[in-house]
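Raw upload-v3.cif, mmCIF, C-alpha atoms:
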data_final
loop_
_atom_site.label_atom_id
_atom_site.label_comp_id
_atom_site.auth_asym_id
_atom_site.auth_seq_id
_atom_site.Cartn_x
_atom_site.Cartn_y
_atom_site.Cartn_z
CA MET A 80 -20.50 3.67 -29.26
CA LYS A 81 -23.98 3.86 -27.83
CA LYS A 82 -24.08 5.15 -24.28
CA MET A 83 -26.03 3.50 -21.52
CA VAL A 84 -28.67 5.18 -19.37
CA LYS A 85 -27.00 8.13 -17.65
CA HIS A 86 -28.65 9.41 -14.52
CA VAL A 87 -27.80 10.01 -10.92
CA GLY A 88 -31.19 11.01 -9.65
CA GLY A 89 -30.54 14.70 -10.18
CA LEU A 90 -27.65 14.55 -7.74
CA LEU A 91 -25.39 16.55 -9.99
CA LEU A 92 -27.40 19.64 -9.15
CA LEU A 93 -25.79 20.20 -5.75
CA PRO A 94 -25.45 23.61 -4.09
CA ALA A 95 -22.58 25.38 -5.82
CA LEU A 96 -20.16 26.19 -3.05
CA LEU A 97 -20.68 22.97 -1.12
CA ALA A 98 -20.53 20.66 -4.08
CA GLY A 99 -16.86 19.84 -3.90
CA CYS A 100 -17.65 16.78 -6.00
CA VAL A 101 -20.44 15.63 -8.24
CA GLY A 102 -22.51 12.72 -9.38
CA LEU A 103 -22.71 11.10 -5.96
CA ASN A 104 -25.11 11.03 -3.08
CA GLN A 105 -24.21 11.30 0.57
CA GLU A 106 -24.02 7.54 0.87
CA GLY A 107 -21.28 7.54 -1.75
CA THR A 108 -23.29 5.76 -4.41
CA SER A 109 -23.88 6.55 -8.03
CA GLY A 110 -27.15 5.95 -9.78
CA THR A 111 -25.23 4.37 -12.64
CA ALA A 112 -23.07 2.16 -10.47
CA ASN A 113 -24.51 -1.03 -11.95
CA THR A 114 -25.29 0.12 -15.48
CA VAL A 115 -21.86 0.08 -17.10
CA GLN A 116 -21.89 -2.02 -20.23
CA PRO A 117 -20.22 -5.36 -19.30
CA ALA A 118 -18.24 -5.47 -22.53
CA VAL A 119 -16.82 -2.03 -21.83
CA ALA A 120 -15.92 -2.94 -18.25
CA ALA A 121 -14.13 -6.07 -19.45
CA GLN A 122 -12.09 -4.12 -21.97
CA VAL A 123 -10.93 -1.68 -19.29
CA LYS A 124 -9.78 -4.27 -16.75
CA ASN A 125 -6.30 -4.95 -18.14
CA PRO A 126 -5.38 -2.53 -20.92
CA ALA A 127 -1.60 -2.91 -20.69
CA ALA A 128 -1.36 -5.19 -23.71
CA GLN A 129 -3.33 -2.67 -25.75
CA ILE A 130 -0.91 0.21 -25.19
CA THR A 131 0.66 1.72 -28.29
CA GLU A 132 3.38 4.33 -28.36
CA PRO A 133 2.25 7.92 -28.95
CA LYS A 134 3.10 9.44 -32.29
CA GLN A 135 5.03 12.21 -30.57
CA GLU A 136 7.01 11.12 -27.55
CA THR A 137 7.81 13.49 -24.72
CA GLU A 138 10.16 12.15 -22.08
CA LYS A 139 8.79 12.69 -18.59
CA GLU A 140 11.61 13.47 -16.23
CA ALA A 141 11.59 12.85 -12.51
CA LYS A 142 10.35 15.90 -10.65
CA PRO A 143 12.76 18.82 -11.19
CA THR A 144 14.12 20.62 -8.16
CA GLN A 145 15.78 23.96 -7.66
CA THR A 146 19.43 23.97 -6.59
CA GLU A 147 20.60 25.51 -3.33
CA ALA A 148 22.33 28.22 -5.34
CA GLN A 149 19.08 29.10 -7.07
CA LYS A 150 17.32 29.25 -3.71
CA GLY A 151 19.92 31.61 -2.31
CA ASP A 152 18.04 34.73 -3.36
CA TRP A 153 14.54 33.51 -2.53
CA VAL A 154 12.38 35.58 -0.20
CA ALA A 155 9.94 34.82 2.60
CA TYR A 156 6.42 34.84 1.20
CA LYS A 157 3.83 36.61 3.39
CA GLY A 158 0.70 36.79 1.21
CA PRO A 159 -2.33 34.54 0.66
CA VAL A 160 -1.91 30.99 -0.63
CA GLU A 161 -4.24 30.07 -3.46
CA HIS A 162 -5.63 26.54 -3.61
CA ILE A 163 -7.71 25.58 -6.63
CA PHE A 164 -9.25 22.23 -7.46
CA PHE A 165 -10.70 20.45 -10.44
CA HIS A 166 -12.49 17.23 -11.25
CA PRO A 167 -11.24 14.87 -13.98
CA LEU A 168 -11.20 16.65 -17.32
CA ILE A 169 -13.80 16.30 -20.04
CA ALA A 170 -11.79 14.42 -22.65
CA TYR A 171 -14.73 13.83 -25.02
CA PRO A 172 -17.08 16.85 -25.03
CA GLU A 173 -19.42 15.11 -27.47
CA LEU A 174 -20.27 12.61 -24.71
CA ALA A 175 -20.45 15.14 -21.89
CA PHE A 176 -22.56 17.68 -23.76
CA ASP A 177 -25.01 15.47 -25.64
CA ASN A 178 -28.19 17.00 -24.16
CA ASP A 179 -29.03 14.09 -21.89
CA SER A 180 -29.75 14.15 -18.15
CA MET A 181 -26.04 14.44 -17.28
CA THR A 182 -25.23 17.39 -19.51
CA LYS A 183 -26.04 20.12 -17.00
CA GLY A 184 -23.97 18.45 -14.30
CA TYR A 185 -20.96 18.20 -16.58
CA ASP A 186 -21.46 21.78 -17.71
CA ASP A 187 -21.57 22.90 -14.07
CA TRP A 188 -18.82 20.89 -12.40
CA PHE A 189 -16.18 19.95 -14.98
CA VAL A 190 -13.77 21.71 -17.33
CA THR A 191 -12.62 20.65 -20.77
CA VAL A 192 -9.06 19.86 -21.81
CA LYS A 193 -8.91 23.09 -23.79
CA GLU A 194 -10.00 25.10 -20.74
CA PHE A 195 -7.44 23.45 -18.48
CA ASP A 196 -4.64 24.09 -20.97
CA HIS A 197 -5.62 27.77 -21.14
CA ILE A 198 -5.81 28.03 -17.34
CA LEU A 199 -2.32 26.55 -16.96
CA ALA A 200 -0.87 29.03 -19.43
CA ASP A 201 -2.52 31.96 -17.63
CA LEU A 202 -1.37 30.79 -14.19
CA TYR A 203 2.19 30.57 -15.46
CA LYS A 204 1.97 33.98 -17.12
CA ASN A 205 0.58 35.48 -13.90
CA GLN A 206 3.64 34.34 -11.93
CA TYR A 207 2.10 31.48 -9.96
CA VAL A 208 4.24 28.53 -8.93
CA LEU A 209 3.03 25.15 -7.75
CA ILE A 210 3.79 24.15 -4.19
CA SER A 211 2.86 21.08 -2.17
CA MET A 212 0.81 21.44 0.99
CA ASP A 213 3.61 20.06 3.12
CA GLN A 214 5.62 23.17 2.26
CA LEU A 215 3.19 25.05 4.52
CA TYR A 216 3.65 23.07 7.74
CA GLU A 217 5.78 20.62 9.65
CA LEU A 218 4.92 18.15 12.37
CA LYS A 219 6.86 18.15 15.60
CA THR A 220 6.65 16.12 18.77
CA VAL A 221 6.76 18.28 21.90
CA ASN A 222 6.58 16.60 25.31
CA GLY A 223 5.20 13.49 23.66
CA GLN A 224 2.46 15.41 21.83
CA LYS A 225 2.29 15.96 18.09
CA GLU A 226 2.12 19.60 17.08
CA LEU A 227 1.59 21.07 13.64
CA VAL A 228 3.76 24.14 13.15
CA LYS A 229 3.55 26.72 10.39
CA LYS A 230 6.53 26.56 8.06
CA GLN A 231 7.90 29.72 6.47
CA LEU A 232 7.32 29.50 2.72
CA MET A 233 10.27 30.64 0.64
CA LEU A 234 9.74 31.55 -3.02
CA PRO A 235 11.56 33.22 -5.88
CA LYS A 236 10.98 36.96 -5.80
CA ASN A 237 7.66 38.10 -7.35
CA LYS A 238 6.27 34.56 -7.49
CA LYS A 239 2.95 33.55 -5.90
CA PRO A 240 2.18 30.12 -4.43
CA LEU A 241 -0.49 27.82 -5.82
CA VAL A 242 -1.76 24.52 -4.48
CA LEU A 243 -3.63 22.37 -7.01
CA SER A 244 -5.82 19.38 -6.19
CA VAL A 245 -8.08 17.04 -8.13
CA ASP A 246 -11.15 15.38 -6.63
CA ASP A 247 -12.64 12.01 -7.59
CA MET A 248 -9.93 10.78 -9.91
CA ASN A 249 -11.41 7.35 -9.24
CA TYR A 250 -13.16 7.25 -12.62
CA TYR A 251 -16.55 6.19 -11.33
CA ASP A 252 -18.77 4.04 -13.51
CA TYR A 253 -20.88 6.99 -14.67
CA MET A 254 -17.75 8.78 -15.88
CA LEU A 255 -16.96 6.03 -18.37
CA GLN A 256 -20.03 6.92 -20.40
CA ASN A 257 -19.90 10.69 -20.10
CA GLY A 258 -16.67 11.97 -21.56
CA ASN A 259 -13.96 11.25 -19.00
CA VAL A 260 -11.07 8.89 -19.59
CA TYR A 261 -11.26 5.39 -18.10
CA LYS A 262 -8.06 5.13 -16.09
CA LEU A 263 -4.46 6.20 -15.65
CA ILE A 264 -1.80 3.77 -16.84
CA LEU A 265 1.97 3.57 -17.22
CA ASP A 266 3.62 3.18 -20.59
CA ASP A 267 6.79 1.16 -21.10
CA LYS A 268 8.91 4.24 -20.35
CA GLY A 269 7.26 4.80 -16.98
CA ARG A 270 5.20 7.76 -18.13
CA VAL A 271 1.67 8.28 -16.88
CA ALA A 272 -0.87 8.15 -19.69
CA THR A 273 -4.63 7.70 -19.98
CA TYR A 274 -6.63 4.82 -21.35
CA SER A 275 -10.15 5.16 -22.69
CA LEU A 276 -12.51 4.19 -25.45
CA THR A 277 -13.36 6.93 -27.90
CA PRO A 278 -16.99 7.71 -28.78
CA LYS A 279 -16.48 5.32 -31.72
CA GLY A 280 -15.41 2.54 -29.37
CA GLU A 281 -11.73 2.68 -30.33
CA LYS A 282 -9.03 2.11 -27.71
CA HIS A 283 -7.12 5.30 -27.06
CA ILE A 284 -3.88 5.92 -25.15
CA ALA A 285 -3.17 9.62 -24.63
CA TYR A 286 -0.90 12.07 -22.82
CA ASP A 287 -2.91 15.22 -23.48
CA ASN A 288 -6.47 14.66 -22.21
CA GLU A 289 -6.19 14.53 -18.41
CA ILE A 290 -4.68 16.69 -15.68
CA VAL A 291 -1.88 14.36 -14.58
CA PRO A 292 -0.09 13.80 -17.91
CA ILE A 293 -0.83 17.36 -19.06
CA LEU A 294 0.73 18.86 -15.94
CA ASP A 295 3.64 16.41 -16.10
CA THR A 296 4.44 17.71 -19.56
CA PHE A 297 3.89 21.36 -18.64
CA VAL A 298 6.25 21.21 -15.65
CA SER A 299 8.83 19.35 -17.72
CA GLU A 300 8.72 22.19 -20.25
CA HIS A 301 8.42 24.95 -17.60
CA PRO A 302 10.34 23.72 -14.52
CA ASP A 303 10.13 27.19 -12.95
CA PHE A 304 6.35 26.65 -12.62
CA SER A 305 6.97 24.20 -9.77
CA ILE A 306 8.80 24.46 -6.46
CA ASP A 307 10.84 21.30 -5.95
CA GLY A 308 8.80 19.47 -8.57
CA ALA A 309 5.43 19.83 -6.83
CA LYS A 310 2.45 18.96 -9.05
CA GLY A 311 -0.84 18.42 -7.21
CA THR A 312 -2.81 16.40 -4.69
CA ILE A 313 -5.24 13.69 -5.79
CA ALA A 314 -8.25 13.33 -3.46
CA LEU A 315 -9.55 9.76 -3.65
CA THR A 316 -12.60 7.97 -2.35
CA GLY A 317 -12.61 4.17 -2.38
CA TYR A 318 -16.07 2.80 -3.07
CA GLN A 319 -15.43 2.33 -6.80
CA GLY A 320 -11.69 1.85 -6.65
CA VAL A 321 -8.94 4.35 -7.47
CA LEU A 322 -7.58 5.84 -10.70
CA GLY A 323 -9.85 3.57 -12.74
CA TYR A 324 -8.83 0.32 -11.01
CA ARG A 325 -11.68 -1.44 -9.21
CA THR A 326 -9.76 -2.07 -6.01
CA ASN A 327 -13.05 -2.02 -4.09
CA GLU A 328 -13.97 -5.45 -5.49
CA LEU A 329 -12.10 -7.34 -2.80
CA THR A 330 -13.44 -10.78 -3.74
CA SER A 331 -12.96 -10.40 -7.49
CA PRO A 332 -10.49 -12.77 -9.18
CA ALA A 333 -8.98 -9.65 -10.74
CA TYR A 334 -8.48 -7.86 -7.40
CA GLU A 335 -4.78 -8.60 -6.92
CA ALA A 336 -3.95 -7.56 -10.48
CA GLU A 337 -6.04 -4.38 -10.18
CA LYS A 338 -4.36 -3.54 -6.89
CA ALA A 339 -0.86 -4.16 -8.26
CA ASP A 340 -1.48 -2.05 -11.36
CA ALA A 341 -2.94 0.80 -9.30
CA ILE A 342 0.03 0.80 -6.93
CA LYS A 343 2.48 0.98 -9.85
CA VAL A 344 0.77 4.12 -11.17
CA ILE A 345 0.49 5.65 -7.69
CA ASN A 346 4.15 5.05 -6.90
CA ARG A 347 5.24 6.61 -10.17
CA MET A 348 3.04 9.64 -9.54
CA LYS A 349 4.52 10.08 -6.07
CA GLU A 350 8.02 9.90 -7.58
CA THR A 351 7.14 12.70 -9.99
CA GLY A 352 5.64 15.25 -7.60
CA TRP A 353 2.08 14.09 -6.96
CA SER A 354 0.58 13.42 -3.54
CA PHE A 355 -2.66 11.85 -2.34
CA ALA A 356 -5.41 12.70 0.13
CA SER A 357 -8.44 11.03 1.65
CA HIS A 358 -11.75 12.13 0.22
CA GLY A 359 -13.65 9.74 2.46
CA TYR A 360 -14.39 6.18 1.42
CA GLY A 361 -17.99 6.65 0.31
CA HIS A 362 -17.98 10.38 -0.50
CA ARG A 363 -20.20 11.08 2.48
CA ASP A 364 -20.95 14.55 3.82
CA ALA A 365 -18.89 14.75 7.02
CA HIS A 366 -21.01 17.60 8.33
CA LYS A 367 -24.34 15.79 7.89
CA ILE A 368 -23.58 12.19 8.78
CA SER A 369 -23.34 10.92 12.35
CA TYR A 370 -20.08 10.66 14.26
CA LYS A 371 -20.34 6.87 14.09
CA SER A 372 -20.81 6.94 10.32
CA LEU A 373 -17.83 9.25 9.88
CA VAL A 374 -15.64 6.92 11.91
CA GLU A 375 -16.79 3.87 9.93
CA ASP A 376 -16.26 5.64 6.61
CA THR A 377 -12.80 6.90 7.57
CA GLU A 378 -11.65 3.57 8.94
CA ARG A 379 -12.77 1.82 5.76
CA TRP A 380 -10.74 4.30 3.70
CA LYS A 381 -7.72 3.61 5.88
CA LYS A 382 -8.23 -0.14 5.46
CA GLU A 383 -8.79 -0.25 1.68
CA VAL A 384 -7.25 2.90 0.16
CA LYS A 385 -4.35 3.79 2.44
CA PRO A 386 -2.48 0.56 1.55
CA LEU A 387 -2.57 1.74 -2.06
CA VAL A 388 -1.61 5.41 -1.68
CA GLY A 389 0.51 5.22 1.47
CA ASP A 390 0.51 7.63 4.38
CA THR A 391 -1.19 10.98 3.96
CA LEU A 392 -2.03 13.71 6.44
CA ILE A 393 -4.64 15.35 4.21
CA TYR A 394 -8.42 14.99 4.41
CA ILE A 395 -10.39 16.78 1.69
CA TYR A 396 -14.01 17.12 2.74
CA PRO A 397 -16.53 15.57 0.31
CA TYR A 398 -18.77 18.32 -1.04
CA GLY A 399 -16.41 20.78 0.66
CA SER A 400 -18.65 20.37 3.69
CA ARG A 401 -16.38 20.95 6.68
CA VAL A 402 -17.06 20.24 10.34
CA ASP A 403 -16.60 22.66 13.24
CA THR A 404 -13.07 22.74 14.58
CA ASP A 405 -14.27 22.23 18.16
CA SER A 406 -16.48 19.26 17.28
CA ASP A 407 -15.88 15.62 18.13
CA LYS A 408 -15.78 14.87 14.40
CA TYR A 409 -12.91 17.27 13.83
CA LYS A 410 -11.00 15.94 16.80
CA TYR A 411 -11.52 12.41 15.51
CA LEU A 412 -10.22 13.23 12.01
CA VAL A 413 -7.09 14.82 13.46
CA LYS A 414 -6.54 11.88 15.81
CA ALA A 415 -7.14 9.46 12.93
CA GLY A 416 -4.11 10.92 11.18
CA PHE A 417 -5.56 13.78 9.13
CA PRO A 418 -4.38 17.07 10.68
CA VAL A 419 -4.58 18.90 7.33
CA LEU A 420 -8.21 19.47 6.39
CA CYS A 421 -9.51 21.21 3.28
CA GLY A 422 -12.96 22.63 2.61
CA VAL A 423 -14.30 24.81 -0.20
CA GLY A 424 -14.54 28.59 -0.13
CA PRO A 425 -14.71 31.64 -2.41
CA GLN A 426 -11.26 32.98 -1.55
CA PRO A 427 -7.94 31.87 -0.05
CA TYR A 428 -8.20 30.75 3.57
CA LEU A 429 -5.46 29.21 5.69
CA LYS A 430 -5.58 28.83 9.47
CA TYR A 431 -3.44 26.93 11.91
CA LYS A 432 -4.25 25.30 15.24
CA SER A 433 -1.72 23.68 17.54
CA ASP A 434 -2.50 20.25 16.11
CA SER A 435 -3.94 20.93 12.67
CA MET A 436 -4.27 23.16 9.63
CA MET A 437 -7.40 24.23 7.76
CA MET A 438 -7.34 25.37 4.15
CA ASP A 439 -10.08 26.33 1.72
CA ARG A 440 -10.01 25.55 -1.98
CA ARG A 441 -11.64 27.36 -4.87
CA HIS A 442 -13.64 25.20 -7.26
CA ILE A 443 -12.65 25.63 -10.90
CA ASP A 444 -15.51 24.35 -13.04
CA GLY A 445 -18.25 25.51 -15.37
CA ILE A 446 -20.08 27.44 -12.66
CA ALA A 447 -16.94 29.28 -11.61
CA LEU A 448 -15.96 30.10 -15.18
CA LYS A 449 -19.41 31.50 -15.99
CA THR A 450 -20.36 33.27 -12.77
CA GLN A 451 -17.21 34.00 -10.75
CA GLY A 452 -14.96 35.63 -13.30
CA ASP A 453 -14.36 38.73 -11.17
CA LYS A 454 -13.10 36.62 -8.27
CA LEU A 455 -10.87 34.56 -10.54
CA LYS A 456 -9.33 37.37 -12.58
CA GLY A 457 -6.09 37.34 -10.59
CA LEU A 458 -5.63 33.72 -11.61
CA PHE A 459 -6.89 33.72 -15.19
CA ASP A 460 -9.36 35.40 -17.52
CA SER A 461 -12.45 33.20 -17.39
CA LYS A 462 -14.03 34.85 -20.43
CA GLU A 463 -11.04 33.83 -22.52
CA VAL A 464 -10.91 30.37 -20.95
CA ILE A 465 -14.50 29.23 -21.57
CA ASP A 466 -14.65 26.59 -24.30
CA SER A 467 -17.10 27.30 -27.13
CA VAL A 468 -18.09 23.62 -27.11
CA ARG A 469 -20.09 24.15 -23.91
CA PRO A 470 -23.90 24.13 -24.19
CA LYS A 471 -25.33 27.53 -25.00
CA GLY A 472 -27.74 29.17 -22.58
CA ASN A 473 -26.89 27.05 -19.49
#
What do you get writing this file as structure tokens?
Amino acid sequence: MKKMVKHVGGLLLLPALLAGCVGLNQEGTSGTANTVQPAVAAQVKNPAAQITEPKQETEKEAKPTQTEAQKGDWVAYKGPVEHIFFHPLIAYPELAFDNDSMTKGYDDWFVTVKEFDHILADLYKNQYVLISMDQLYELKTVNGQKELVKKQLMLPKNKKPLVLSVDDMNYYDYMLQNGNVYKLILDDKGRVATYSLTPKGEKHIAYDNEIVPILDTFVSEHPDFSIDGAKGTIALTGYQGVLGYRTNELTSPAYEAEKADAIKVINRMKETGWSFASHGYGHRDAHKISYKSLVEDTERWKKEVKPLVGDTLIYIYPYGSRVDTDSDKYKYLVKAGFPVLCGVGPQPYLKYKSDSMMMDRRHIDGIALKTQGDKLKGLFDSKEVIDSVRPKGN
């Protein structure tokens, strides 16, 4: 299948540690937003009738939990809490690494399926266990005021906590032409799968080419990798819909169907250990934009995306670009219902205030794999992880 023009005005080349996400400018627009091939877009709208059963079926159980007896010998964890994040996986490397204007961005900011599989295996071998962010805090009301209180994390002996998040699992228009899957769907057994068109234009339903179904399977096979069934947090914008459903097109005849299908997937994910976070509506840099713009962007997310994903206390800064904790912007975000705020940093960072919690995340992508191996060696061996399909010399 011939790809359309693929450019985002060089915007993939963002500063490494601040580029929590890619392919977008600070107004939350993509240079390819209007260049998706109409025939392709039409095929993606309602794929349910096109779903075929996988050749090898793996039953996805509801999130496993540890029994009280098993928890009886757990210990209070006192060390650092790792938080790593990814972008949607490269499902088709031949589209991502085809030497066009997008290749460097994909090489810098994404990982392949093979790399993610290897990382998961290493994390498990190195005694990490997945936790959800709400296992780190609890909200209390004291004298009519909401307070965020640190919660003591209890873990099996010798295990280390890991929070995992995924940014921009919206499947923006540019992603459809550059090696990502098109959307998340549910099969007739209630399992989360992916839908996409292969490079040959063939419809493809899969359970092994994106983070959500891969991790669902891994936790099902290794329940001790997760505390109470925790999987990860999906950080969503809203300007091109969510999870591949164009829920931003409010006046489209297909809006209600898109919204209903998205909610079905979201609800199933929440039932099986996934949570959701705000990533801003338009992927705007909270540090750089005005207070007024931040308010408008946040309120639009609450109006259009919150009804889909439900309540969340988590705000994941676009580009990882945090605001000062004593600023009006920070106070607004907390008051707006987001007392858990995540930036990007080179090492674990977790700090509590009376009304909020700040946490840094480490970006796991091509740049990290190639240049930050020493910092990542406690998590996994980046030299062993790097996929040979990546462009040479970048």
Determine, using only C-alpha atoms, which residues of range 332-398 of chain A have any atom at most 10 Å from an atom of range 210-216 of chain A, and tabulate each with its shortest atom pair and distance in Å to one decimal place, rows ordered by chain and then rising number, as JSON lines.
{"residue": "A:Gly352", "atom": "CA", "partner": "A:Ser211", "partner_atom": "CA", "distance": 8.4}
{"residue": "A:Trp353", "atom": "CA", "partner": "A:Ser211", "partner_atom": "CA", "distance": 8.5}
{"residue": "A:Ser354", "atom": "CA", "partner": "A:Ser211", "partner_atom": "CA", "distance": 8.1}
{"residue": "A:Leu392", "atom": "CA", "partner": "A:Asp213", "partner_atom": "CA", "distance": 9.1}
{"residue": "A:Ile393", "atom": "CA", "partner": "A:Met212", "partner_atom": "CA", "distance": 8.8}
Review point. So which residues get picked by the PyMOL selection byres ((chain A and resi 423) around 12) here, written as a PyMOL selection string?
Key: chain A and resi 94-100+161-165+244+246+395-402+420-422+424-429+437-443
Exercise for review: Go through A:Glu194, A:Gly158, A:Ala170, A:Tyr203 and flag the residue nearest His301 in chain A, using all atoms listed in the file for the distances.
Suggested key: A:Tyr203
Review point. What residues come out when you apply the PyMOL selection byres ((chain A and resi 278) around 10) to this file, written as a PyMOL selection string?
Key: chain A and resi 80-82+171-174+256-258+275-277+279-282
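Straight-line separation from CA of Lys430 in chain A to CA of Ile345 in chain A: 29.5 Å.
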Review point. Can you list, as a ChimeraX atom specification, every protein, DNA or RNA residue that comes within 6 Å of Phe355 in chain A when you count all atoms listed in the file, leaving out same-chain residues fewer than 4 positions away?
Key: /A:312-314
For the selection you just gave me, I'd like the residues written to a file as a PDB file, keeping the file's coordinate frame, keeping C-alpha atoms.
ATOM      1  CA  THR A 312      -2.810  16.400  -4.690  1.00  0.00           C
ATOM      2  CA  ILE A 313      -5.240  13.690  -5.790  1.00  0.00           C
ATOM      3  CA  ALA A 314      -8.250  13.330  -3.460  1.00  0.00           C
TER       4      ALA A 314
END
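What separates CA of Thr377 in chain A from CA of Ala415 in chain A is a distance of 8.2 Å.
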Exercise for review: Write out as number ranges by chain which residues come within 6 Å of Gly445 in chain A when counting all atoms listed in the file, dropping same-chain ones fewer than 3 positions away.
Suggested key: A: 186-189, 448
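Minimum atom-to-atom distances from A:Asn288, A:Asn249, A:Thr220, A:Thr273 to Ile169 in chain A were compared using all atoms listed in the file, and the lowest value belongs to A:Asn288.
Atom pair CA of Glu375 in chain A / CA of Phe417 in chain A: separated by 15.0 Å.
Between Leu263 in chain A and the residues A:Lys193, A:Lys204, A:Lys238, A:His283, the shortest atom-to-atom distance, using only C-alpha atoms, involves A:His283.
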Review point. Applied to the shown file, which residues does the PyMOL selection byres ((chain A and resi 294-300) around 12) return, written as a ChimeraX atom specification?
Key: /A:136-144,192,195-200,202-203,208-209,243-245,270-272,286-293,301-311,347-353
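Within 10 Å of the point (2.8, 22.1, 10.6), counting all atoms listed in the file, the protein and nucleic acid residues come to Met212, Asp213, Gln214, Leu215, Tyr216, Glu217, Leu218, Lys219, Lys225, Glu226, Leu227, Val228, Lys229, Lys230, Pro418, Val419, Tyr431, Lys432, Ser433, Asp434, Ser435 and Met436 of chain A.
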Could you please fill out range 164-178 of chain A with N, CA and C atoms and send it back as an mmCIF file, in the coordinates of the input?
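Below you can see selection.cif, which holds the result:
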data_model
loop_
_atom_site.group_PDB
_atom_site.id
_atom_site.type_symbol
_atom_site.label_atom_id
_atom_site.label_comp_id
_atom_site.auth_asym_id
_atom_site.auth_seq_id
_atom_site.Cartn_x
_atom_site.Cartn_y
_atom_site.Cartn_z
ATOM 1 N N PHE A 164 -9.078 23.662 -7.178
ATOM 2 C CA PHE A 164 -9.250 22.230 -7.460
ATOM 3 C C PHE A 164 -10.157 22.014 -8.655
ATOM 4 N N PHE A 165 -9.961 20.873 -9.265
ATOM 5 C CA PHE A 165 -10.700 20.450 -10.440
ATOM 6 C C PHE A 165 -11.269 19.058 -10.195
ATOM 7 N N HIS A 166 -12.117 18.636 -11.127
ATOM 8 C CA HIS A 166 -12.490 17.230 -11.250
ATOM 9 C C HIS A 166 -11.799 16.694 -12.511
ATOM 10 N N PRO A 167 -11.836 15.390 -12.745
ATOM 11 C CA PRO A 167 -11.240 14.870 -13.980
ATOM 12 C C PRO A 167 -11.729 15.642 -15.208
ATOM 13 N N LEU A 168 -10.868 15.828 -16.166
ATOM 14 C CA LEU A 168 -11.200 16.650 -17.320
ATOM 15 C C LEU A 168 -12.202 15.968 -18.255
ATOM 16 N N ILE A 169 -12.936 16.794 -18.972
ATOM 17 C CA ILE A 169 -13.800 16.300 -20.040
ATOM 18 C C ILE A 169 -12.902 16.044 -21.256
ATOM 19 N N ALA A 170 -12.651 14.784 -21.524
ATOM 20 C CA ALA A 170 -11.790 14.420 -22.650
ATOM 21 C C ALA A 170 -12.576 14.324 -23.955
ATOM 22 N N TYR A 171 -13.867 13.999 -23.843
ATOM 23 C CA TYR A 171 -14.730 13.830 -25.020
ATOM 24 C C TYR A 171 -15.986 14.677 -24.838
ATOM 25 N N PRO A 172 -15.932 15.961 -25.226
ATOM 26 C CA PRO A 172 -17.080 16.850 -25.030
ATOM 27 C C PRO A 172 -18.358 16.351 -25.692
ATOM 28 N N GLU A 173 -18.227 15.600 -26.785
ATOM 29 C CA GLU A 173 -19.420 15.110 -27.470
ATOM 30 C C GLU A 173 -20.206 14.118 -26.626
ATOM 31 N N LEU A 174 -19.568 13.498 -25.644
ATOM 32 C CA LEU A 174 -20.270 12.610 -24.710
ATOM 33 C C LEU A 174 -20.787 13.371 -23.501
ATOM 34 N N ALA A 175 -20.039 14.366 -23.070
ATOM 35 C CA ALA A 175 -20.450 15.140 -21.890
ATOM 36 C C ALA A 175 -21.605 16.077 -22.216
ATOM 37 N N PHE A 176 -21.579 16.666 -23.401
ATOM 38 C CA PHE A 176 -22.560 17.680 -23.760
ATOM 39 C C PHE A 176 -23.481 17.190 -24.876
ATOM 40 N N ASP A 177 -24.144 16.058 -24.618
ATOM 41 C CA ASP A 177 -25.010 15.470 -25.640
ATOM 42 C C ASP A 177 -26.492 15.638 -25.315
ATOM 43 N N ASN A 178 -26.798 16.625 -24.465
ATOM 44 C CA ASN A 178 -28.190 17.000 -24.160
ATOM 45 C C ASN A 178 -28.978 15.907 -23.461
#
